[in-house]
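Everything below belongs to upload.tsv, which stores TSV, C-alpha atoms and all ligand atoms.
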chain	number	residue	atom	x	y	z
A	1	MET	CA	70.18	92.59	77.44
A	2	ALA	CA	71.00	90.84	80.68
A	3	THR	CA	70.94	94.02	82.72
A	4	ASN	CA	67.90	94.63	84.83
A	5	PRO	CA	68.23	98.04	86.48
A	6	GLN	CA	64.82	97.79	88.11
A	7	HIS	CA	65.74	94.59	89.92
A	8	CYS	CA	68.95	96.27	91.07
A	9	GLY	CA	67.10	99.23	92.58
A	10	TYR	CA	69.04	101.74	90.50
A	11	GLU	CA	66.26	103.98	89.43
A	12	ASN	CA	66.51	106.48	92.24
A	13	SER	CA	70.11	105.96	93.30
A	14	HIS	CA	72.52	108.74	92.38
A	15	ALA	CA	75.12	108.45	95.12
A	16	THR	CA	76.12	105.19	96.76
A	17	THR	CA	74.46	104.97	100.14
A	18	ALA	CA	74.49	102.40	102.89
A	19	ASN	CA	71.19	101.16	101.47
A	20	ASN	CA	72.38	100.45	98.00
A	21	ILE	CA	75.48	98.70	99.35
A	22	LEU	CA	73.05	96.44	101.17
A	23	GLU	CA	70.96	95.91	98.03
A	24	PHE	CA	74.16	95.12	96.21
A	25	CYS	CA	75.08	92.49	98.79
A	26	SER	CA	71.73	90.83	99.08
A	27	ALA	CA	71.53	90.59	95.30
A	28	ASN	CA	74.87	88.84	95.45
A	29	CYS	CA	73.49	86.41	97.97
A	30	ASP	CA	70.64	85.66	95.55
A	31	ALA	CA	73.21	85.06	92.82
A	32	GLY	CA	74.83	82.38	94.95
A	33	GLU	CA	71.49	80.70	95.49
A	34	MET	CA	70.67	80.90	91.77
A	35	ALA	CA	73.97	79.22	90.96
A	36	THR	CA	73.05	76.35	93.29
A	37	ASP	CA	69.63	75.99	91.63
A	38	GLU	CA	71.23	75.66	88.22
A	39	THR	CA	73.33	72.60	89.10
A	40	ALA	CA	71.67	69.32	88.16
A	41	ALA	CA	73.07	67.24	91.06
A	42	PRO	CA	71.17	67.32	94.39
A	43	ALA	CA	72.64	69.82	96.83
A	44	PRO	CA	75.00	68.15	99.34
A	45	PRO	CA	73.97	68.48	103.02
A	46	ILE	CA	75.34	71.67	104.60
A	47	PRO	CA	78.04	70.60	107.07
A	48	HIS	CA	77.40	71.73	110.63
A	49	LYS	CA	79.67	74.64	111.45
A	50	ARG	CA	80.27	75.85	114.99
A	51	ARG	CA	79.39	79.51	115.50
A	52	VAL	CA	82.53	81.59	115.84
A	53	ARG	CA	83.01	82.35	119.56
A	54	TYR	CA	84.54	85.57	120.78
A	55	ALA	CA	85.27	87.17	124.11
A	56	GLY	CA	83.13	90.20	125.08
A	57	LYS	CA	79.95	91.55	123.52
A	58	HIS	CA	81.23	92.48	120.07
A	59	PRO	CA	83.45	90.63	117.61
A	60	ARG	CA	86.84	92.28	117.18
A	61	ARG	CA	88.85	90.06	114.90
A	62	PHE	CA	88.17	89.76	111.16
A	63	GLU	CA	87.28	86.05	111.38
A	64	GLU	CA	84.90	86.75	114.27
A	65	LYS	CA	82.91	89.21	112.14
A	66	TYR	CA	81.18	86.41	110.28
A	67	LYS	CA	77.86	88.26	110.22
A	68	GLU	CA	79.36	91.29	108.47
A	69	GLN	CA	80.82	88.94	105.89
A	70	GLN	CA	77.35	87.58	105.03
A	71	PRO	CA	75.37	90.77	104.32
A	72	GLY	CA	72.67	88.80	102.53
A	73	ARG	CA	71.85	86.96	105.79
A	74	TYR	CA	72.68	89.63	108.36
A	75	ALA	CA	71.54	92.87	106.69
A	76	GLN	CA	70.71	94.49	110.05
A	77	THR	CA	74.20	93.94	111.43
A	78	VAL	CA	75.74	95.37	108.27
A	79	ALA	CA	73.39	98.39	108.37
A	80	LYS	CA	74.43	99.07	111.98
A	81	VAL	CA	78.14	98.92	111.13
A	82	LEU	CA	77.64	101.25	108.16
A	83	ALA	CA	75.61	103.70	110.24
A	84	SER	CA	78.41	103.86	112.81
A	85	GLY	CA	80.83	105.10	110.11
A	86	LYS	CA	82.73	101.82	109.90
A	87	THR	CA	83.29	99.53	106.94
A	88	PRO	CA	81.81	96.05	107.43
A	89	ALA	CA	84.35	93.22	107.16
A	90	GLY	CA	84.67	91.92	103.61
A	91	MET	CA	83.21	95.07	102.04
A	92	HIS	CA	84.54	98.31	100.51
A	93	ARG	CA	82.68	101.61	100.46
A	94	PRO	CA	83.23	103.44	97.16
A	95	VAL	CA	84.66	106.93	97.59
A	96	MET	CA	83.45	110.23	96.03
A	97	VAL	CA	80.86	108.44	93.89
A	98	ALA	CA	78.79	111.56	93.12
A	99	GLU	CA	81.88	113.58	92.12
A	100	ILE	CA	83.18	110.74	89.93
A	101	LEU	CA	79.82	110.35	88.18
A	102	GLU	CA	79.71	114.08	87.53
A	103	ALA	CA	83.26	114.08	86.14
A	104	LEU	CA	82.85	110.99	83.96
A	105	ALA	CA	79.28	111.83	82.89
A	106	PRO	CA	78.45	108.24	81.80
A	107	ARG	CA	75.82	107.97	79.07
A	108	PRO	CA	73.90	105.04	77.58
A	109	GLY	CA	75.88	103.15	74.95
A	110	GLU	CA	79.31	104.25	76.19
A	111	VAL	CA	82.37	102.10	76.83
A	112	ALA	CA	83.75	102.32	80.36
A	113	VAL	CA	86.90	100.93	81.97
A	114	ASP	CA	87.28	100.51	85.71
A	115	CYS	CA	91.01	99.92	86.17
A	116	THR	CA	90.61	99.04	89.86
A	117	LEU	CA	87.42	97.03	90.22
A	118	GLY	CA	87.81	96.23	93.95
A	119	PHE	CA	84.35	95.61	95.44
A	120	ALA	CA	82.83	97.00	92.21
A	121	GLY	CA	80.97	99.82	93.98
A	122	HIS	CA	81.96	102.40	91.36
A	123	ALA	CA	81.57	99.89	88.53
A	124	GLN	CA	78.01	99.14	89.62
A	125	GLU	CA	77.09	102.83	89.38
A	126	LEU	CA	78.81	103.27	86.01
A	127	LEU	CA	77.26	100.12	84.55
A	128	ALA	CA	73.77	101.27	85.50
A	129	ARG	CA	74.28	104.56	83.67
A	130	ILE	CA	75.81	103.27	80.43
A	131	GLN	CA	72.79	101.01	79.77
A	132	PRO	CA	71.31	100.35	77.35
A	133	GLY	CA	74.04	99.45	74.92
A	134	GLY	CA	77.07	100.25	77.06
A	135	ARG	CA	79.89	98.00	78.19
A	136	LEU	CA	82.32	98.02	81.11
A	137	LEU	CA	85.70	96.35	81.35
A	138	GLY	CA	86.76	95.84	84.97
A	139	LEU	CA	90.42	95.19	85.81
A	140	ASP	CA	92.02	94.16	89.06
A	141	THR	CA	95.29	92.52	89.91
A	142	ASP	CA	93.83	90.69	92.94
A	143	PRO	CA	92.98	87.04	92.13
A	144	ILE	CA	91.17	86.58	95.46
A	145	GLU	CA	88.74	89.49	95.34
A	146	LEU	CA	88.17	89.77	91.57
A	147	PRO	CA	85.99	86.64	91.24
A	148	LYS	CA	83.83	87.86	94.14
A	149	ALA	CA	83.33	91.28	92.53
A	150	GLU	CA	82.50	89.61	89.23
A	151	ALA	CA	79.95	87.34	90.94
A	152	ARG	CA	78.36	90.38	92.61
A	153	LEU	CA	77.90	92.20	89.32
A	154	ARG	CA	76.60	89.06	87.61
A	155	GLY	CA	74.14	88.70	90.50
A	156	LEU	CA	72.91	92.21	89.77
A	157	GLY	CA	72.10	91.14	86.23
A	158	PHE	CA	75.16	92.40	84.34
A	159	GLY	CA	75.85	89.64	81.86
A	160	ALA	CA	78.90	88.95	79.70
A	161	ASP	CA	77.51	91.24	76.99
A	162	VAL	CA	77.82	94.32	79.21
A	163	PHE	CA	80.53	93.49	81.74
A	164	THR	CA	83.92	91.81	81.35
A	165	ALA	CA	86.24	91.13	84.30
A	166	ARG	CA	89.95	90.70	83.73
A	167	ARG	CA	92.64	89.92	86.26
A	168	THR	CA	95.49	92.10	85.19
A	169	ASN	CA	97.63	95.01	86.27
A	170	PHE	CA	96.33	98.29	84.85
A	171	ALA	CA	99.85	98.99	83.58
A	172	GLY	CA	98.80	96.58	80.80
A	173	LEU	CA	95.70	98.61	79.90
A	174	PRO	CA	96.36	98.68	76.11
A	175	GLN	CA	96.66	94.87	76.04
A	176	ALA	CA	93.56	94.46	78.20
A	177	LEU	CA	91.55	96.67	75.81
A	178	TRP	CA	92.87	94.75	72.84
A	179	ALA	CA	91.99	91.39	74.45
A	180	ALA	CA	88.45	92.66	75.11
A	181	GLU	CA	88.19	94.00	71.52
A	182	ILE	CA	87.72	97.56	72.76
A	183	LYS	CA	89.23	100.29	70.56
A	184	GLY	CA	88.99	103.07	73.12
A	185	ALA	CA	87.24	104.06	76.35
A	186	ASP	CA	84.68	106.85	76.64
A	187	LEU	CA	85.23	106.90	80.38
A	188	LEU	CA	87.86	105.43	82.65
A	189	LEU	CA	88.34	105.28	86.40
A	190	ALA	CA	91.37	104.41	88.52
A	191	ASP	CA	90.73	104.31	92.28
A	192	LEU	CA	94.24	103.68	93.54
A	193	GLY	CA	95.64	101.74	96.46
A	194	VAL	CA	94.10	98.85	98.37
A	195	SER	CA	90.50	97.95	99.11
A	196	SER	CA	89.00	97.55	102.57
A	197	MET	CA	88.69	93.80	101.90
A	198	GLN	CA	92.46	93.59	101.41
A	199	LEU	CA	93.22	95.92	104.31
A	200	ASP	CA	90.93	94.27	106.83
A	201	ASP	CA	91.83	90.64	106.15
A	202	PRO	CA	94.82	89.88	108.42
A	203	GLY	CA	95.77	86.98	106.13
A	204	ARG	CA	96.70	89.46	103.37
A	205	GLY	CA	99.28	91.13	105.63
A	206	PHE	CA	98.36	94.79	104.97
A	207	SER	CA	96.87	95.45	108.38
A	208	VAL	CA	98.70	97.43	111.03
A	209	LYS	CA	96.05	96.54	113.58
A	210	ASN	CA	95.69	92.77	113.28
A	211	GLU	CA	98.41	90.15	113.34
A	212	GLY	CA	99.05	88.41	110.05
A	213	PRO	CA	101.93	87.33	107.82
A	214	LEU	CA	103.89	90.36	106.59
A	215	ASP	CA	102.89	89.94	102.94
A	216	MET	CA	101.12	92.99	101.40
A	217	ARG	CA	100.89	91.63	97.84
A	218	MET	CA	97.70	92.54	96.00
A	219	ASN	CA	98.42	89.51	93.84
A	220	PRO	CA	99.86	86.90	96.22
A	221	HIS	CA	101.01	84.78	93.25
A	222	ARG	CA	103.41	87.47	92.02
A	223	GLY	CA	106.54	89.12	93.43
A	224	GLN	CA	107.84	88.83	96.96
A	225	PRO	CA	106.16	89.45	100.30
A	226	ALA	CA	107.15	92.49	102.36
A	227	SER	CA	108.95	90.23	104.88
A	228	VAL	CA	111.35	89.00	102.16
A	229	LEU	CA	111.86	92.53	100.85
A	230	LEU	CA	112.79	93.83	104.34
A	231	GLN	CA	115.10	90.92	105.02
A	232	SER	CA	117.07	91.47	101.82
A	233	ILE	CA	117.11	95.28	101.52
A	234	ARG	CA	120.16	97.44	102.37
A	235	VAL	CA	119.93	100.26	104.89
A	236	GLU	CA	120.46	103.07	102.31
A	237	ALA	CA	117.85	101.61	99.95
A	238	LEU	CA	115.28	101.30	102.74
A	239	GLN	CA	115.93	104.86	103.91
A	240	LYS	CA	115.34	106.13	100.37
A	241	LEU	CA	112.21	104.02	100.01
A	242	LEU	CA	110.72	105.28	103.30
A	243	ALA	CA	111.42	108.89	102.37
A	244	GLU	CA	110.24	108.66	98.75
A	245	ASN	CA	107.19	106.43	99.18
A	246	ALA	CA	105.75	107.98	102.33
A	247	ASP	CA	107.73	111.14	103.26
A	248	GLU	CA	108.74	109.36	106.51
A	249	PRO	CA	110.57	111.99	108.63
A	250	TYR	CA	112.39	109.33	110.69
A	251	ALA	CA	113.64	107.30	107.71
A	252	ALA	CA	117.27	107.67	108.81
A	253	VAL	CA	116.49	106.18	112.24
A	254	LEU	CA	114.13	103.47	111.05
A	255	ALA	CA	116.17	102.12	108.12
A	256	PRO	CA	119.06	100.69	110.22
A	257	ALA	CA	116.56	99.27	112.73
A	258	LEU	CA	114.54	97.42	110.09
A	259	ALA	CA	116.73	96.63	107.05
A	260	GLY	CA	118.11	93.10	106.78
A	261	LYS	CA	115.92	91.76	109.59
A	262	LEU	CA	113.20	89.14	109.46
A	263	PHE	CA	109.76	90.31	110.57
A	264	ALA	CA	107.42	87.44	109.93
A	265	THR	CA	104.26	89.24	111.04
A	266	THR	CA	102.64	92.66	110.73
A	267	THR	CA	102.62	93.12	114.50
A	268	ALA	CA	106.34	92.22	114.80
A	269	LEU	CA	107.14	95.01	112.32
A	270	ALA	CA	104.84	97.50	114.08
A	271	THR	CA	106.50	96.69	117.43
A	272	ALA	CA	109.97	97.18	115.94
A	273	VAL	CA	109.00	100.60	114.48
A	274	ARG	CA	107.68	101.69	117.85
A	275	ALA	CA	110.81	100.44	119.63
A	276	ALA	CA	113.05	102.35	117.20
A	277	LEU	CA	111.24	105.63	118.00
A	278	PRO	CA	110.86	105.48	121.80
A	279	ARG	CA	110.51	109.26	122.24
A	280	LEU	CA	107.47	109.62	120.01
A	281	ASN	CA	104.05	109.85	121.62
A	282	LYS	CA	101.48	107.18	120.74
A	283	GLU	CA	99.90	109.14	117.88
A	284	ASP	CA	103.15	110.12	116.18
A	285	GLY	CA	104.42	106.55	116.60
A	286	ALA	CA	101.25	105.22	114.96
A	287	ASP	CA	101.75	107.66	112.04
A	288	SER	CA	105.28	106.32	111.49
A	289	ILE	CA	104.02	102.73	111.57
A	290	ARG	CA	101.35	103.63	109.00
A	291	ARG	CA	103.95	105.30	106.75
A	292	VAL	CA	106.36	102.34	107.01
A	293	PHE	CA	103.53	99.98	105.97
A	294	GLN	CA	102.54	102.31	103.13
A	295	SER	CA	106.06	102.58	101.73
A	296	LEU	CA	106.58	98.81	101.84
A	297	ARG	CA	103.21	98.17	100.19
A	298	ILE	CA	104.04	100.59	97.37
A	299	GLU	CA	107.38	98.84	96.80
A	300	VAL	CA	106.04	95.29	97.03
A	301	ASN	CA	103.35	96.06	94.44
A	302	ASP	CA	105.47	98.38	92.29
A	303	GLU	CA	102.65	100.89	92.54
A	304	PHE	CA	104.38	104.05	91.27
A	305	SER	CA	105.69	102.33	88.19
A	306	ALA	CA	102.22	100.88	87.40
A	307	LEU	CA	100.64	104.33	87.83
A	308	GLU	CA	103.23	106.05	85.62
A	309	THR	CA	102.68	103.45	82.91
A	310	LEU	CA	98.91	103.87	83.10
A	311	LEU	CA	99.22	107.66	82.85
A	312	ARG	CA	101.51	107.31	79.84
A	313	HIS	CA	99.08	104.99	78.02
A	314	LEU	CA	95.96	106.91	79.02
A	315	PRO	CA	95.59	109.32	76.05
A	316	ALA	CA	95.92	106.49	73.52
A	317	CYS	CA	93.32	104.41	75.39
A	318	LEU	CA	90.68	107.15	75.53
A	319	ASN	CA	88.34	107.95	72.66
A	320	PRO	CA	88.21	111.58	71.48
A	321	SER	CA	86.40	113.58	74.23
A	322	GLY	CA	86.85	110.56	76.54
A	323	ARG	CA	86.99	111.29	80.27
A	324	ALA	CA	89.29	109.78	82.90
A	325	ALA	CA	89.19	110.18	86.68
A	326	VAL	CA	91.89	109.14	89.14
A	327	LEU	CA	91.38	108.88	92.90
A	328	THR	CA	94.61	109.03	94.90
A	329	PHE	CA	95.26	108.49	98.60
A	330	HIS	CA	98.70	109.98	99.24
A	331	SER	CA	100.96	112.70	97.91
A	332	GLY	CA	103.26	110.40	95.89
A	333	GLU	CA	100.30	109.28	93.76
A	334	ASP	CA	98.67	112.70	93.49
A	335	ARG	CA	101.96	114.38	92.40
A	336	ARG	CA	102.29	111.95	89.52
A	337	VAL	CA	98.68	112.36	88.36
A	338	LYS	CA	98.80	116.16	88.61
A	339	LYS	CA	102.06	116.35	86.64
A	340	SER	CA	100.90	114.01	83.90
A	341	PHE	CA	97.53	115.76	83.46
A	342	ALA	CA	99.18	119.21	83.37
A	343	ALA	CA	101.67	118.02	80.72
A	344	GLY	CA	98.82	116.55	78.64
A	345	LEU	CA	96.96	119.88	78.77
A	346	ARG	CA	100.06	121.83	77.70
A	347	GLU	CA	100.64	119.45	74.80
A	348	GLY	CA	97.00	119.68	73.65
A	349	ILE	CA	96.32	115.97	74.36
A	350	TYR	CA	93.72	116.91	76.96
A	351	GLU	CA	91.26	119.72	76.38
A	352	GLU	CA	90.18	120.03	80.01
A	353	VAL	CA	91.89	119.19	83.30
A	354	SER	CA	90.25	119.55	86.70
A	355	GLY	CA	91.78	120.94	89.86
A	356	VAL	CA	91.88	118.73	92.92
A	357	LEU	CA	88.53	117.64	94.44
A	358	ARG	CA	88.15	116.35	98.00
A	359	PRO	CA	85.41	114.34	99.74
A	360	GLY	CA	82.73	116.47	101.41
A	361	THR	CA	82.21	116.75	105.16
A	362	GLU	CA	79.25	114.37	105.14
A	363	GLU	CA	81.17	111.64	103.32
A	364	ARG	CA	84.18	112.06	105.63
A	365	ARG	CA	81.87	111.67	108.62
A	366	ALA	CA	80.11	108.62	107.19
A	367	ASN	CA	83.29	106.96	105.92
A	368	PRO	CA	86.45	108.23	107.65
A	369	ARG	CA	88.59	106.03	105.38
A	370	CYS	CA	87.89	108.43	102.51
A	371	ALA	CA	89.56	111.39	104.28
A	372	PRO	CA	92.90	111.39	102.37
A	373	ALA	CA	91.22	110.97	98.94
A	374	LYS	CA	92.00	113.41	96.11
A	375	LEU	CA	90.19	113.26	92.79
A	376	ARG	CA	91.45	114.67	89.49
A	377	TRP	CA	89.93	114.22	86.05
A	378	VAL	CA	90.72	115.02	82.40
A	379	ARG	CA	88.92	115.16	79.07
A	380	ARG	CA	90.78	114.09	75.97
A	381	ALA	CA	90.90	116.50	73.07
A	382	ILE	CA	88.98	115.57	69.92
D	401	LIG	C1	90.56	101.27	96.37
D	401	LIG	S1	90.25	99.70	95.68
D	401	LIG	C2	89.03	100.02	94.47
D	401	LIG	C3	87.64	100.02	95.01
D	401	LIG	C4	86.57	100.13	93.95
D	401	LIG	N1	86.62	101.38	93.25
D	401	LIG	C5	85.20	99.90	94.54
D	401	LIG	O1	84.30	100.72	94.32
D	401	LIG	O2	85.01	98.89	95.20
D	401	LIG	C6	91.66	99.46	94.69
D	401	LIG	C7	91.68	98.16	93.93
D	401	LIG	O3	92.62	98.30	92.89
D	401	LIG	C8	93.38	97.15	92.77
D	401	LIG	N2	94.67	97.59	92.21
D	401	LIG	C9	95.61	98.36	92.80
D	401	LIG	N3	96.63	98.56	91.96
D	401	LIG	C10	96.34	97.92	90.81
D	401	LIG	C11	97.00	97.77	89.57
D	401	LIG	N4	98.19	98.31	89.33
D	401	LIG	N5	96.38	97.06	88.61
D	401	LIG	C12	95.16	96.50	88.82
D	401	LIG	N6	94.50	96.59	89.98
D	401	LIG	C13	95.07	97.30	90.97
D	401	LIG	C14	93.47	96.58	94.16
D	401	LIG	O4	93.70	95.19	94.11
D	401	LIG	C15	92.10	96.94	94.72
D	401	LIG	O5	91.19	95.91	94.52
Full structure transcribed into C-alpha cells:
Amino acid sequence: MATNPQHCGYENSHATTANNILEFCSANCDAGEMATDETAAPAPPIPHKRRVRYAGKHPRRFEEKYKEQQPGRYAQTVAKVLASGKTPAGMHRPVMVAEILEALAPRPGEVAVDCTLGFAGHAQELLARIQPGGRLLGLDTDPIELPKAEARLRGLGFGADVFTARRTNFAGLPQALWAAEIKGADLLLADLGVSSMQLDDPGRGFSVKNEGPLDMRMNPHRGQPASVLLQSIRVEALQKLLAENADEPYAAVLAPALAGKLFATTTALATAVRAALPRLNKEDGADSIRRVFQSLRIEVNDEFSALETLLRHLPACLNPSGRAAVLTFHSGEDRRVKKSFAAGLREGIYEEVSGVLRPGTEERRANPRCAPAKLRWVRRAI
C-alpha cells in the first residue's frame, strides 16, 4: 500500500485546518523534490529569476503573490494569510469538511468518487479514511489544475492503487467509473462551481477584481470564452440567461447594454455593468457585476446541464446504501439538487435525504468564501 497516513499527519486531523493545508502543501513540495531525485540526468542549473517587485508593502496582484504560491518554501506567509481569513493565491480551502465527512461516513475499504477534485482538500480527507483497502476516483474538467492536485496527492503517498485522477466532466460519471473499472461508489462528493485557484488567477478570466481576458472556461480547450458568447448573443437570450442563471433583477436593463458587444477583459465588462446601472450604490452595483459574471460562467461551462445529468445518473452509480453529498453555492444549483433528491426519496431510490446544511459561524469567519454554501446528502436504498 503506497499510502502512508502517518507521514501525512492524518492521525489526529478530523476537520481541515490551516495547519493541515500547510502540511498538505509542504508534502507536495517534497514530492517535487523527490521527482527531481529520481531523474538520472544531472539537474540543470536553476536560472536566476528576478524577485517580483510590487508597489507598497504587500503584494496585491496574483503574480506578485509568489510566496503564497510556494507554500513549501514560505509556510509562514501562507499561515498568516490563512489566519487573516483569506485564501492564499494558488490554493483552495475545502468547505464544510466535518459535515461532509459525517454525511459520507467513509470507512476503510470503500470506493469513493470526488466529482470535483479541485485542490483535493476533500479528497485528501476521504482518502485517509478509506484506507486500508479503499480507492478514490477524482474527476475534474480543468486540465490546468488537475495535474497539480494529482501531484499533491501522490506527494502525500497516495499511489495509483488507491487514487486515480481523470480529466473529465462529471456529466460523464458512468463512463468514468467504467474506465476506472469501478462498478459503483460507496460515497460520492460533488463540490460545485469554481475553485479559488481558478477564481484568483486573472489569466483564467473569472475574476471580477483583477483584469484578465474575459474567458471563464474551466476547461480552456473546450467551448467558447465568455467574450465570444457576449459578442454573439441576442438581447432577449441574454436577458433570460441573466434572470435564470443568477436571478439578476436588472436583467432587462443590462441585456441591451451588453449583448452583441465585445468586452475583451473582465474589467471592461465590470465597467460596462456599472455604467448601465448608474443609480445603484457601490454595493448594489458590485452585486450586479457578480451576478453577471456568475450567469456567464454558468452558460460558458454548461453547468446546469452537467449538474442535471450527474443527478440523473447518480442512483445508478451508487452502490446499495451508498452516500452522496452535493455542495452548492447559489440557488439555481440548490433548487436542482433539492428537487432531484426529493423525487428520488418519493420513488424509493433513496432511503434517506438530508435537509439543507450550512457552514457554521466559525467556518464563515475563518473562510468568508464559504458563506453561500449549502450541503445536501442522500443515501441510496438497498
Ligand atoms: C469548488 S472546486 C472543488 C474544490 C475541492 N472540493 C477541494 O477540496 O479542493 C470545484 C471544482 O470542480 C470542477 N468542476 C466544476 N464543474 C465540473 C464538471 N461539470 N465536471 C468536472 N469538474 C467540474 C472545477 O474545475 C473545480 O476544480
Restricting the calculation to only C-alpha atoms and all ligand atoms: of A:Gly344, A:Pro143, A:Pro108, A:Gly155, which residue gets closest to ligand LIG 401 (chain D)? A:Pro143
Among A:Ala252, A:Ala179, A:Leu241, A:Leu311, ligand LIG 401 (chain D) is approached most closely, using all atoms listed in the file, by A:Leu311
Out of A:Glu99, A:Ala185, A:Phe293, A:Ala123, which residue has the shortest atom-to-atom distance to A:Met216 when counting only C-alpha atoms? A:Phe293
Name the residues in contact with A:Ala264 at a cut-off of 12 Å, using only C-alpha atoms, excluding same-chain residues fewer than 2 positions from it; report them as a PyMOL selection string. chain A and resi 205+211-216+225-231+261-262+266-272
Neighbours of ligand LIG 401 (chain D) within 7 Å, counting all atoms listed in the file, as a VMD selection string? chain A and resid 92 to 94 115 to 123 139 to 142 145 168 to 171 191 to 195 218 303 306 to 307
Best match for closeness to A:Ala112 among A:Asn367, A:Gln124, A:Ser207, A:Thr87, counting only C-alpha atoms: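 Closest to A:Ala112 of all the choices is A:Gln124.
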Which residues are close to A:Gly109, i.e. within 8 Å by only C-alpha atoms, leaving aside same-chain residues fewer than 6 positions away? Reply as an mmCIF file with C-alpha atoms, in the coordinates of the input.
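The new file out14.cif reads:
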data_model
loop_
_atom_site.group_PDB
_atom_site.id
_atom_site.type_symbol
_atom_site.label_atom_id
_atom_site.label_comp_id
_atom_site.auth_asym_id
_atom_site.auth_seq_id
_atom_site.Cartn_x
_atom_site.Cartn_y
_atom_site.Cartn_z
ATOM 1 C CA ILE A 130 75.810 103.270 80.430
ATOM 2 C CA GLN A 131 72.790 101.010 79.770
ATOM 3 C CA PRO A 132 71.310 100.350 77.350
ATOM 4 C CA GLY A 133 74.040 99.450 74.920
ATOM 5 C CA GLY A 134 77.070 100.250 77.060
ATOM 6 C CA ARG A 135 79.890 98.000 78.190
#
By how many Å are atom CA of A:Ala276 and atom CA of A:Arg290 apart? 14.3 Å
Please, what distance in Å, to one decimal, runs between atom CA of A:Leu254 and atom CA of A:Glu283?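 Interatomic distance here is 16.8 Å.
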Using only C-alpha atoms, pick whichever of A:Pro174, A:Pro368, A:Gly322, A:Pro256 has the shortest atom-to-atom distance to A:Glu352.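 With only C-alpha atoms as the atom set, the closest residue is A:Gly322.
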Between atom CA of A:Asn219 and atom CA of A:Leu104 - distance in Å to one decimal: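 A separation of 28.3 Å between them.
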Scan for residues within 10 Å of the point (101.2, 112.8, 83.6) in the coordinates of the file, using all atoms listed in the file, and reply as a PyMOL selection string. chain A and resi 307-314+335-345
For those residues, write C-alpha atoms to a file as a PDB file, in the frame of the given file.
ATOM      1  CA  LEU A 307     100.640 104.330  87.830  1.00  0.00           C
ATOM      2  CA  GLU A 308     103.230 106.050  85.620  1.00  0.00           C
ATOM      3  CA  THR A 309     102.680 103.450  82.910  1.00  0.00           C
ATOM      4  CA  LEU A 310      98.910 103.870  83.100  1.00  0.00           C
ATOM      5  CA  LEU A 311      99.220 107.660  82.850  1.00  0.00           C
ATOM      6  CA  ARG A 312     101.510 107.310  79.840  1.00  0.00           C
ATOM      7  CA  HIS A 313      99.080 104.990  78.020  1.00  0.00           C
ATOM      8  CA  LEU A 314      95.960 106.910  79.020  1.00  0.00           C
ATOM      9  CA  ARG A 335     101.960 114.380  92.400  1.00  0.00           C
ATOM     10  CA  ARG A 336     102.290 111.950  89.520  1.00  0.00           C
ATOM     11  CA  VAL A 337      98.680 112.360  88.360  1.00  0.00           C
ATOM     12  CA  LYS A 338      98.800 116.160  88.610  1.00  0.00           C
ATOM     13  CA  LYS A 339     102.060 116.350  86.640  1.00  0.00           C
ATOM     14  CA  SER A 340     100.900 114.010  83.900  1.00  0.00           C
ATOM     15  CA  PHE A 341      97.530 115.760  83.460  1.00  0.00           C
ATOM     16  CA  ALA A 342      99.180 119.210  83.370  1.00  0.00           C
ATOM     17  CA  ALA A 343     101.670 118.020  80.720  1.00  0.00           C
ATOM     18  CA  GLY A 344      98.820 116.550  78.640  1.00  0.00           C
ATOM     19  CA  LEU A 345      96.960 119.880  78.770  1.00  0.00           C
TER      20      LEU A 345
END
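Considering the residues A:Asn245, A:Ser305, A:Ser354, A:Ser288 and counting all atoms listed in the file, A:Gly332 has its shortest atom-to-atom contact with A:Asn245.
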Please report, as AutoDock Vina command-line options, the centre and edge lengths in Å to one decimal of an axis-aligned box covering all listed atoms of stretch 190-204 of chain A with 3 Å per side.
--center_x 92.7 --center_y 95.7 --center_z 98.5 --size_x 14.0 --size_y 23.4 --size_z 25.9
Quick one: everything within 10 Å of A:Lys183, counting all atoms listed in the file, minus sequence neighbours fewer than 4 positions away in the same chain. Send it as a VMD selection string. chain A and resid 111 174 177 to 178 316 to 319
Write out as a PDB file with C-alpha atoms, keeping the file's coordinate frame the residues lying within 9 Å of A:Ser295, counting only C-alpha atoms and excluding same-chain residues fewer than 6 positions away.
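The resulting file, result.pdb, is shown below:
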ATOM      1  CA  LEU A 241     112.210 104.020 100.010  1.00  0.00           C
ATOM      2  CA  LEU A 242     110.720 105.280 103.300  1.00  0.00           C
ATOM      3  CA  ALA A 243     111.420 108.890 102.370  1.00  0.00           C
ATOM      4  CA  GLU A 244     110.240 108.660  98.750  1.00  0.00           C
ATOM      5  CA  ASN A 245     107.190 106.430  99.180  1.00  0.00           C
ATOM      6  CA  ALA A 246     105.750 107.980 102.330  1.00  0.00           C
ATOM      7  CA  ASP A 247     107.730 111.140 103.260  1.00  0.00           C
ATOM      8  CA  GLU A 248     108.740 109.360 106.510  1.00  0.00           C
TER       9      GLU A 248
END
Env of A:Ala259: 6 Å cut, atoms = only C-alpha atoms, seq-sep filter 6 positions within chain, self excluded. Answer as a list in words.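 In the requested format, the answer is Leu230, Ile233, Arg234 and Val235 of chain A.
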Dump N, CA and C atoms of stretch 147-152 of chain A from the given block, as a PDB file, in the first residue's frame.
ATOM      1  N   PRO A 147      -3.579  18.218 -12.912  1.00  0.00           N
ATOM      2  CA  PRO A 147      -2.266  17.593 -12.687  1.00  0.00           C
ATOM      3  C   PRO A 147      -1.604  18.048 -11.385  1.00  0.00           C
ATOM      4  N   LYS A 148      -1.886  19.297 -10.975  1.00  0.00           N
ATOM      5  CA  LYS A 148      -1.299  19.788  -9.721  1.00  0.00           C
ATOM      6  C   LYS A 148      -1.932  19.066  -8.534  1.00  0.00           C
ATOM      7  N   ALA A 149      -3.249  18.889  -8.586  1.00  0.00           N
ATOM      8  CA  ALA A 149      -3.936  18.187  -7.487  1.00  0.00           C
ATOM      9  C   ALA A 149      -3.455  16.736  -7.421  1.00  0.00           C
ATOM     10  N   GLU A 150      -3.303  16.135  -8.585  1.00  0.00           N
ATOM     11  CA  GLU A 150      -2.829  14.745  -8.615  1.00  0.00           C
ATOM     12  C   GLU A 150      -1.440  14.658  -7.994  1.00  0.00           C
ATOM     13  N   ALA A 151      -0.554  15.604  -8.372  1.00  0.00           N
ATOM     14  CA  ALA A 151       0.818  15.590  -7.838  1.00  0.00           C
ATOM     15  C   ALA A 151       0.810  15.757  -6.316  1.00  0.00           C
ATOM     16  N   ARG A 152      -0.109  16.609  -5.824  1.00  0.00           N
ATOM     17  CA  ARG A 152      -0.192  16.817  -4.370  1.00  0.00           C
ATOM     18  C   ARG A 152      -0.546  15.524  -3.660  1.00  0.00           C
TER      19      ARG A 152
END
